[in-house]
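This is query_13.cif. It holds mmCIF, C-alpha atoms.
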data_coords
#
loop_
_atom_site.group_PDB
_atom_site.id
_atom_site.type_symbol
_atom_site.label_atom_id
_atom_site.label_comp_id
_atom_site.auth_asym_id
_atom_site.auth_seq_id
_atom_site.Cartn_x
_atom_site.Cartn_y
_atom_site.Cartn_z
ATOM 1 C CA MET G 1 -18.716 40.944 35.034
ATOM 2 C CA LYS G 2 -21.530 41.316 32.648
ATOM 3 C CA LYS G 3 -23.708 38.370 31.865
ATOM 4 C CA GLU G 4 -22.758 38.382 28.147
ATOM 5 C CA ILE G 5 -19.032 38.201 28.925
ATOM 6 C CA LYS G 6 -19.579 35.225 31.285
ATOM 7 C CA ILE G 7 -21.516 33.403 28.573
ATOM 8 C CA ILE G 8 -18.748 34.060 26.026
ATOM 9 C CA LEU G 9 -16.035 32.864 28.434
ATOM 10 C CA ILE G 10 -17.978 29.715 29.314
ATOM 11 C CA GLY G 11 -18.562 29.063 25.597
ATOM 12 C CA GLN G 12 -14.861 29.482 24.887
ATOM 13 C CA ALA G 13 -13.942 27.143 27.752
ATOM 14 C CA VAL G 14 -16.344 24.477 26.498
ATOM 15 C CA PHE G 15 -15.083 24.888 22.911
ATOM 16 C CA TRP G 16 -11.407 24.521 23.853
ATOM 17 C CA THR G 17 -12.109 21.623 26.192
ATOM 18 C CA LEU G 18 -13.927 19.731 23.441
ATOM 19 C CA THR G 19 -11.218 20.597 20.936
ATOM 20 C CA LEU G 20 -8.427 19.286 23.169
ATOM 21 C CA PHE G 21 -10.460 16.184 23.974
ATOM 22 C CA SER G 22 -10.944 15.528 20.237
ATOM 23 C CA PHE G 23 -7.225 15.910 19.542
ATOM 24 C CA GLY G 24 -6.462 13.557 22.428
ATOM 25 C CA LEU G 25 -8.798 10.923 21.026
ATOM 26 C CA GLY G 26 -7.323 11.371 17.562
ATOM 27 C CA TYR G 27 -3.791 10.985 18.862
ATOM 28 C CA THR G 28 -4.736 7.839 20.789
ATOM 29 C CA TRP G 29 -6.413 6.361 17.706
ATOM 30 C CA TRP G 30 -3.406 7.237 15.526
ATOM 31 C CA LYS G 31 -0.928 5.528 17.865
ATOM 32 C CA ASP G 32 -3.105 2.416 18.054
ATOM 33 C CA ALA G 33 -3.504 2.280 14.263
ATOM 34 C CA GLN G 34 0.229 2.755 13.811
ATOM 35 C CA LYS G 35 0.989 -0.214 16.095
ATOM 36 C CA LYS G 36 -1.518 -2.384 14.224
ATOM 37 C CA PHE G 37 -0.030 -1.420 10.864
ATOM 38 C CA ILE G 38 3.527 -2.171 11.960
ATOM 39 C CA SER G 39 2.572 -5.607 13.296
ATOM 40 C CA PHE G 40 0.508 -6.328 10.160
ATOM 41 C CA LYS G 41 3.424 -5.226 7.964
ATOM 42 C CA LYS G 42 5.824 -7.556 9.786
ATOM 43 C CA ALA G 43 3.371 -10.441 9.459
ATOM 44 C CA GLN G 44 2.981 -9.867 5.716
ATOM 45 C CA ILE G 45 6.742 -9.684 5.222
ATOM 46 C CA GLU G 46 7.128 -12.973 7.085
ATOM 47 C CA GLN G 47 4.394 -14.602 5.003
ATOM 48 C CA GLY G 48 6.091 -13.350 1.838
ATOM 49 C CA LEU G 49 9.423 -14.783 2.939
ATOM 50 C CA VAL G 50 7.869 -18.155 3.772
ATOM 51 C CA PHE G 51 5.807 -18.333 0.591
ATOM 52 C CA GLY G 52 8.535 -17.043 -1.714
ATOM 53 C CA SER G 53 11.377 -19.346 -0.733
ATOM 54 C CA GLY G 54 12.034 -21.621 -3.678
ATOM 55 C CA LYS G 55 9.264 -20.113 -5.806
ATOM 56 C CA LYS G 56 9.421 -18.388 -9.179
ATOM 57 C CA SER G 57 8.668 -14.688 -9.414
ATOM 58 C CA SER G 58 5.560 -15.438 -11.479
ATOM 59 C CA GLU G 59 4.214 -17.516 -8.573
ATOM 60 C CA CYS G 60 4.745 -14.565 -6.229
ATOM 61 C CA LEU G 61 2.860 -12.361 -8.667
ATOM 62 C CA THR G 62 -0.029 -14.797 -8.983
ATOM 63 C CA GLU G 63 -0.321 -15.237 -5.210
ATOM 64 C CA SER G 64 -0.159 -11.496 -4.598
ATOM 65 C CA LEU G 65 -2.885 -10.789 -7.136
ATOM 66 C CA SER G 66 -5.109 -13.519 -5.726
ATOM 67 C CA ARG G 67 -4.661 -12.042 -2.240
ATOM 68 C CA LEU G 68 -5.432 -8.597 -3.626
ATOM 69 C CA LYS G 69 -8.801 -9.837 -4.897
ATOM 70 C CA LYS G 70 -9.755 -10.779 -1.332
ATOM 71 C CA CYS G 71 -8.779 -7.407 0.169
ATOM 72 C CA LYS G 72 -11.486 -5.172 1.534
ATOM 73 C CA ASN G 73 -9.508 -2.277 3.059
ATOM 74 C CA SER G 74 -6.395 -0.191 2.533
ATOM 75 C CA LEU G 75 -4.488 -1.937 5.336
ATOM 76 C CA CYS G 76 -4.818 -5.181 3.410
ATOM 77 C CA HIS G 77 -3.650 -3.481 0.197
ATOM 78 C CA ALA G 78 -0.540 -2.203 1.945
ATOM 79 C CA GLY G 79 0.080 -5.675 3.344
ATOM 80 C CA ILE G 80 -0.040 -7.220 -0.121
ATOM 81 C CA HIS G 81 2.526 -4.648 -1.208
ATOM 82 C CA TYR G 82 4.947 -5.844 1.487
ATOM 83 C CA PHE G 83 4.090 -9.498 0.912
ATOM 84 C CA MET G 84 4.944 -9.218 -2.762
ATOM 85 C CA ARG G 85 8.152 -7.310 -2.209
ATOM 86 C CA SER G 86 9.498 -9.849 0.294
ATOM 87 C CA CYS G 87 8.303 -12.781 -1.812
ATOM 88 C CA LEU G 88 10.126 -11.476 -4.883
ATOM 89 C CA ASN G 89 13.283 -10.725 -2.912
ATOM 90 C CA VAL G 90 13.554 -14.219 -1.430
ATOM 91 C CA GLY G 91 12.413 -16.136 -4.533
ATOM 92 C CA LEU G 92 14.536 -17.849 -7.132
ATOM 93 C CA GLY G 93 15.451 -14.577 -8.796
ATOM 94 C CA ASP G 94 14.181 -15.672 -12.194
ATOM 95 C CA SER G 95 12.561 -13.359 -14.680
ATOM 96 C CA SER G 96 9.369 -15.357 -15.307
ATOM 97 C CA ALA G 97 7.201 -12.467 -14.114
ATOM 98 C CA CYS G 98 9.120 -9.965 -16.232
ATOM 99 C CA VAL G 99 7.806 -11.047 -19.615
ATOM 100 C CA GLU G 100 6.270 -7.992 -21.332
ATOM 101 C CA VAL G 101 6.808 -5.742 -18.288
ATOM 102 C CA PRO G 102 7.577 -2.241 -19.554
ATOM 103 C CA SER G 103 10.261 -0.056 -18.053
ATOM 104 C CA ARG G 104 9.311 2.750 -15.685
ATOM 105 C CA SER G 105 11.408 5.245 -17.600
ATOM 106 C CA PRO G 106 9.827 8.629 -18.354
ATOM 107 C CA ALA G 107 9.613 7.894 -22.084
ATOM 108 C CA SER G 108 7.188 5.006 -21.549
ATOM 109 C CA VAL G 109 4.519 6.510 -19.269
ATOM 110 C CA LYS G 110 1.732 5.627 -21.686
ATOM 111 C CA ASP G 111 3.011 2.056 -22.066
ATOM 112 C CA VAL G 112 3.212 1.695 -18.283
ATOM 113 C CA TYR G 113 -0.356 2.870 -17.807
ATOM 114 C CA TRP G 114 -1.807 0.587 -20.472
ATOM 115 C CA TRP G 115 0.200 -2.407 -19.291
ATOM 116 C CA ARG G 116 -0.938 -1.943 -15.700
ATOM 117 C CA ARG G 117 -4.508 -1.421 -16.834
ATOM 118 C CA GLU G 118 -4.545 -4.593 -18.945
ATOM 119 C CA VAL G 119 -2.987 -6.767 -16.243
ATOM 120 C CA CYS G 120 -5.445 -5.523 -13.630
ATOM 121 C CA LYS G 121 -8.331 -5.981 -16.065
ATOM 122 C CA LYS G 122 -7.273 -9.580 -16.788
ATOM 123 C CA MET G 123 -7.086 -10.280 -13.059
ATOM 124 C CA HIS G 124 -10.575 -8.818 -12.542
ATOM 125 C CA SER G 125 -9.253 -6.562 -9.815
ATOM 126 C CA ARG G 126 -12.007 -4.639 -8.021
ATOM 127 C CA ASN G 127 -9.660 -1.916 -6.838
ATOM 128 C CA SER G 128 -7.645 -0.764 -9.804
ATOM 129 C CA PHE G 129 -5.574 1.731 -7.782
ATOM 130 C CA ALA G 130 -4.292 -0.997 -5.470
ATOM 131 C CA CYS G 131 -3.586 -3.223 -8.449
ATOM 132 C CA PHE G 132 -1.743 -0.368 -10.207
ATOM 133 C CA ARG G 133 0.478 0.094 -7.146
ATOM 134 C CA LEU G 134 1.151 -3.624 -6.983
ATOM 135 C CA MET G 135 2.218 -3.644 -10.625
ATOM 136 C CA GLY G 136 4.752 -0.967 -9.677
ATOM 137 C CA ASN G 137 6.456 -3.599 -7.501
ATOM 138 C CA ILE G 138 6.796 -5.890 -10.494
ATOM 139 C CA GLN G 139 8.276 -3.071 -12.554
ATOM 140 C CA ALA G 140 10.741 -2.215 -9.779
ATOM 141 C CA TYR G 141 11.719 -5.894 -9.591
ATOM 142 C CA CYS G 142 12.095 -6.304 -13.355
ATOM 143 C CA HIS G 143 13.787 -2.958 -13.996
ATOM 144 C CA PRO G 144 15.828 -2.168 -10.874
ATOM 145 C CA ASN G 145 18.049 0.354 -12.691
ATOM 146 C CA ILE G 146 15.218 2.886 -13.098
ATOM 147 C CA LYS G 147 14.701 5.192 -10.127
ATOM 148 C CA LYS G 148 11.317 4.867 -8.445
ATOM 149 C CA LYS G 149 10.555 8.572 -8.338
ATOM 150 C CA GLU G 150 10.812 9.068 -12.095
ATOM 151 C CA VAL G 151 7.386 7.627 -12.945
ATOM 152 C CA PHE G 152 4.545 6.603 -10.649
#
Hey, can you dump this file as structure tokens for me?
Amino acid sequence: MKKEIKIILIGQAVFWTLTLFSFGLGYTWWKDAQKKFISFKKAQIEQGLVFGSGKKSSECLTESLSRLKKCKNSLCHAGIHYFMRSCLNVGLGDSSACVEVPSRSPASVKDVYWWRREVCKKMHSRNSFACFRLMGNIQAYCHPNIKKKEVF
């Protein structure tokens, strides 16, 4: 074989070896992260159930927003989402958090945006996207008849 062909074949072998090694590391990381997320999700659901029993929905909202302020990563934001959902589901079932909560119907997209923006602004939320998502939980709780996929 010519010298150039050997160099090309060795280069290809090194390239594919490194590529497969990278995919293997990525897969290992993904599985580990998935396990951590599932255990974190279960813990947040449990905390929501414990905190929410006997509490008003407005107390669940206040606690969720105060926890959101302390979050520093997206895993924490997702956890707050599950905490709030379980807290609201196990709570007293009152509508104290539903005062002035707009519907998620397609006709009120502008109202939804401005309401979410104002609530997050009042709470001094650093991450407005996470706060916006959390407000979606309140809307789903207050207006369960509206399908989730229609708006936001």
Note to self: Using Å and a single decimal, report how far CA of His81 in chain G sits from CA of Arg117 in chain G.
What the structure shows: 17.4 Å
Check: Which residues match the PyMOL selection byres ((chain G and resi 131) around 9) in the file above, as a list in words?
Finding: Leu65, Leu68, His77, Arg116, Arg117, Val119, Cys120, Ser125, Arg126, Asn127, Ser128, Phe129, Ala130, Phe132, Arg133, Leu134, Met135 and Gly136 of chain G
Item checked: Residues matched by the PyMOL selection byres ((chain G and resi 53) around 8) as a PyMOL selection string -> chain G and resi 49-52+54-55+87+90-92
Kindly export the residues of the current selection with C-alpha atoms, as a PDB file, keeping the file's coordinate frame.
ATOM      1  CA  LEU G  49       9.423 -14.783   2.939  1.00  0.00           C
ATOM      2  CA  VAL G  50       7.869 -18.155   3.772  1.00  0.00           C
ATOM      3  CA  PHE G  51       5.807 -18.333   0.591  1.00  0.00           C
ATOM      4  CA  GLY G  52       8.535 -17.043  -1.714  1.00  0.00           C
ATOM      5  CA  GLY G  54      12.034 -21.621  -3.678  1.00  0.00           C
ATOM      6  CA  LYS G  55       9.264 -20.113  -5.806  1.00  0.00           C
ATOM      7  CA  CYS G  87       8.303 -12.781  -1.812  1.00  0.00           C
ATOM      8  CA  VAL G  90      13.554 -14.219  -1.430  1.00  0.00           C
ATOM      9  CA  GLY G  91      12.413 -16.136  -4.533  1.00  0.00           C
ATOM     10  CA  LEU G  92      14.536 -17.849  -7.132  1.00  0.00           C
TER      11      LEU G  92
END
Note to self: Quick one: residues within 10 Å of range 32-34 of chain G, all atoms listed in the file, excluding same-chain residues fewer than 6 positions away - as number ranges by chain?
What the structure shows: G: 26, 40, 75
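Atom pair CA of Leu88 in chain G / CA of Glu59 in chain G: separated by 9.2 Å.
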Next item on the list: Measure the distance from CA of Cys71 in chain G to CA of Arg85 in chain G in Å and round it to one decimal.
Entry: 17.1 Å
What are the nearest atom pairs, with distances in Å to one decimal, for all residues of range 6-83 of chain G that come at most 9 Å from range 94-98 of chain G, using all atoms listed in the file, set out by chain and rising residue number as a tab-separated table?
residue	atom	partner	partner_atom	distance
G:Lys56	CA	G:Asp94	CA	6.3
G:Ser57	CA	G:Ala97	CA	5.4
G:Ser58	CA	G:Ala97	CA	4.3
G:Glu59	CA	G:Ala97	CA	8.1
G:Cys60	CA	G:Ala97	CA	8.5
G:Leu61	CA	G:Ala97	CA	7.0
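Nearest to Tyr82 in chain G of all the residues G:Ile8, G:Met1, G:Met123, G:Ile45 is G:Ile45, based on only C-alpha atoms.
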Next item on the list: Take the PyMOL selection byres ((chain G and resi 102) around 7), apply it to the structure above, and return the hits as a PyMOL selection string.
Entry: chain G and resi 100-101+103-104+111-112
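You can rank G:Met84, G:Tyr113, G:Ile138, G:Ala78 by their closest distance to Val99 in chain G using only C-alpha atoms, and at the top of that list sits G:Ile138.
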Notebook entry, point to check: Quick one: of G:Pro144, G:Gly79, G:Gly24, G:Gly93, who's nearest to Ile38 in chain G, counting all atoms listed in the file?
Noted result: G:Gly79
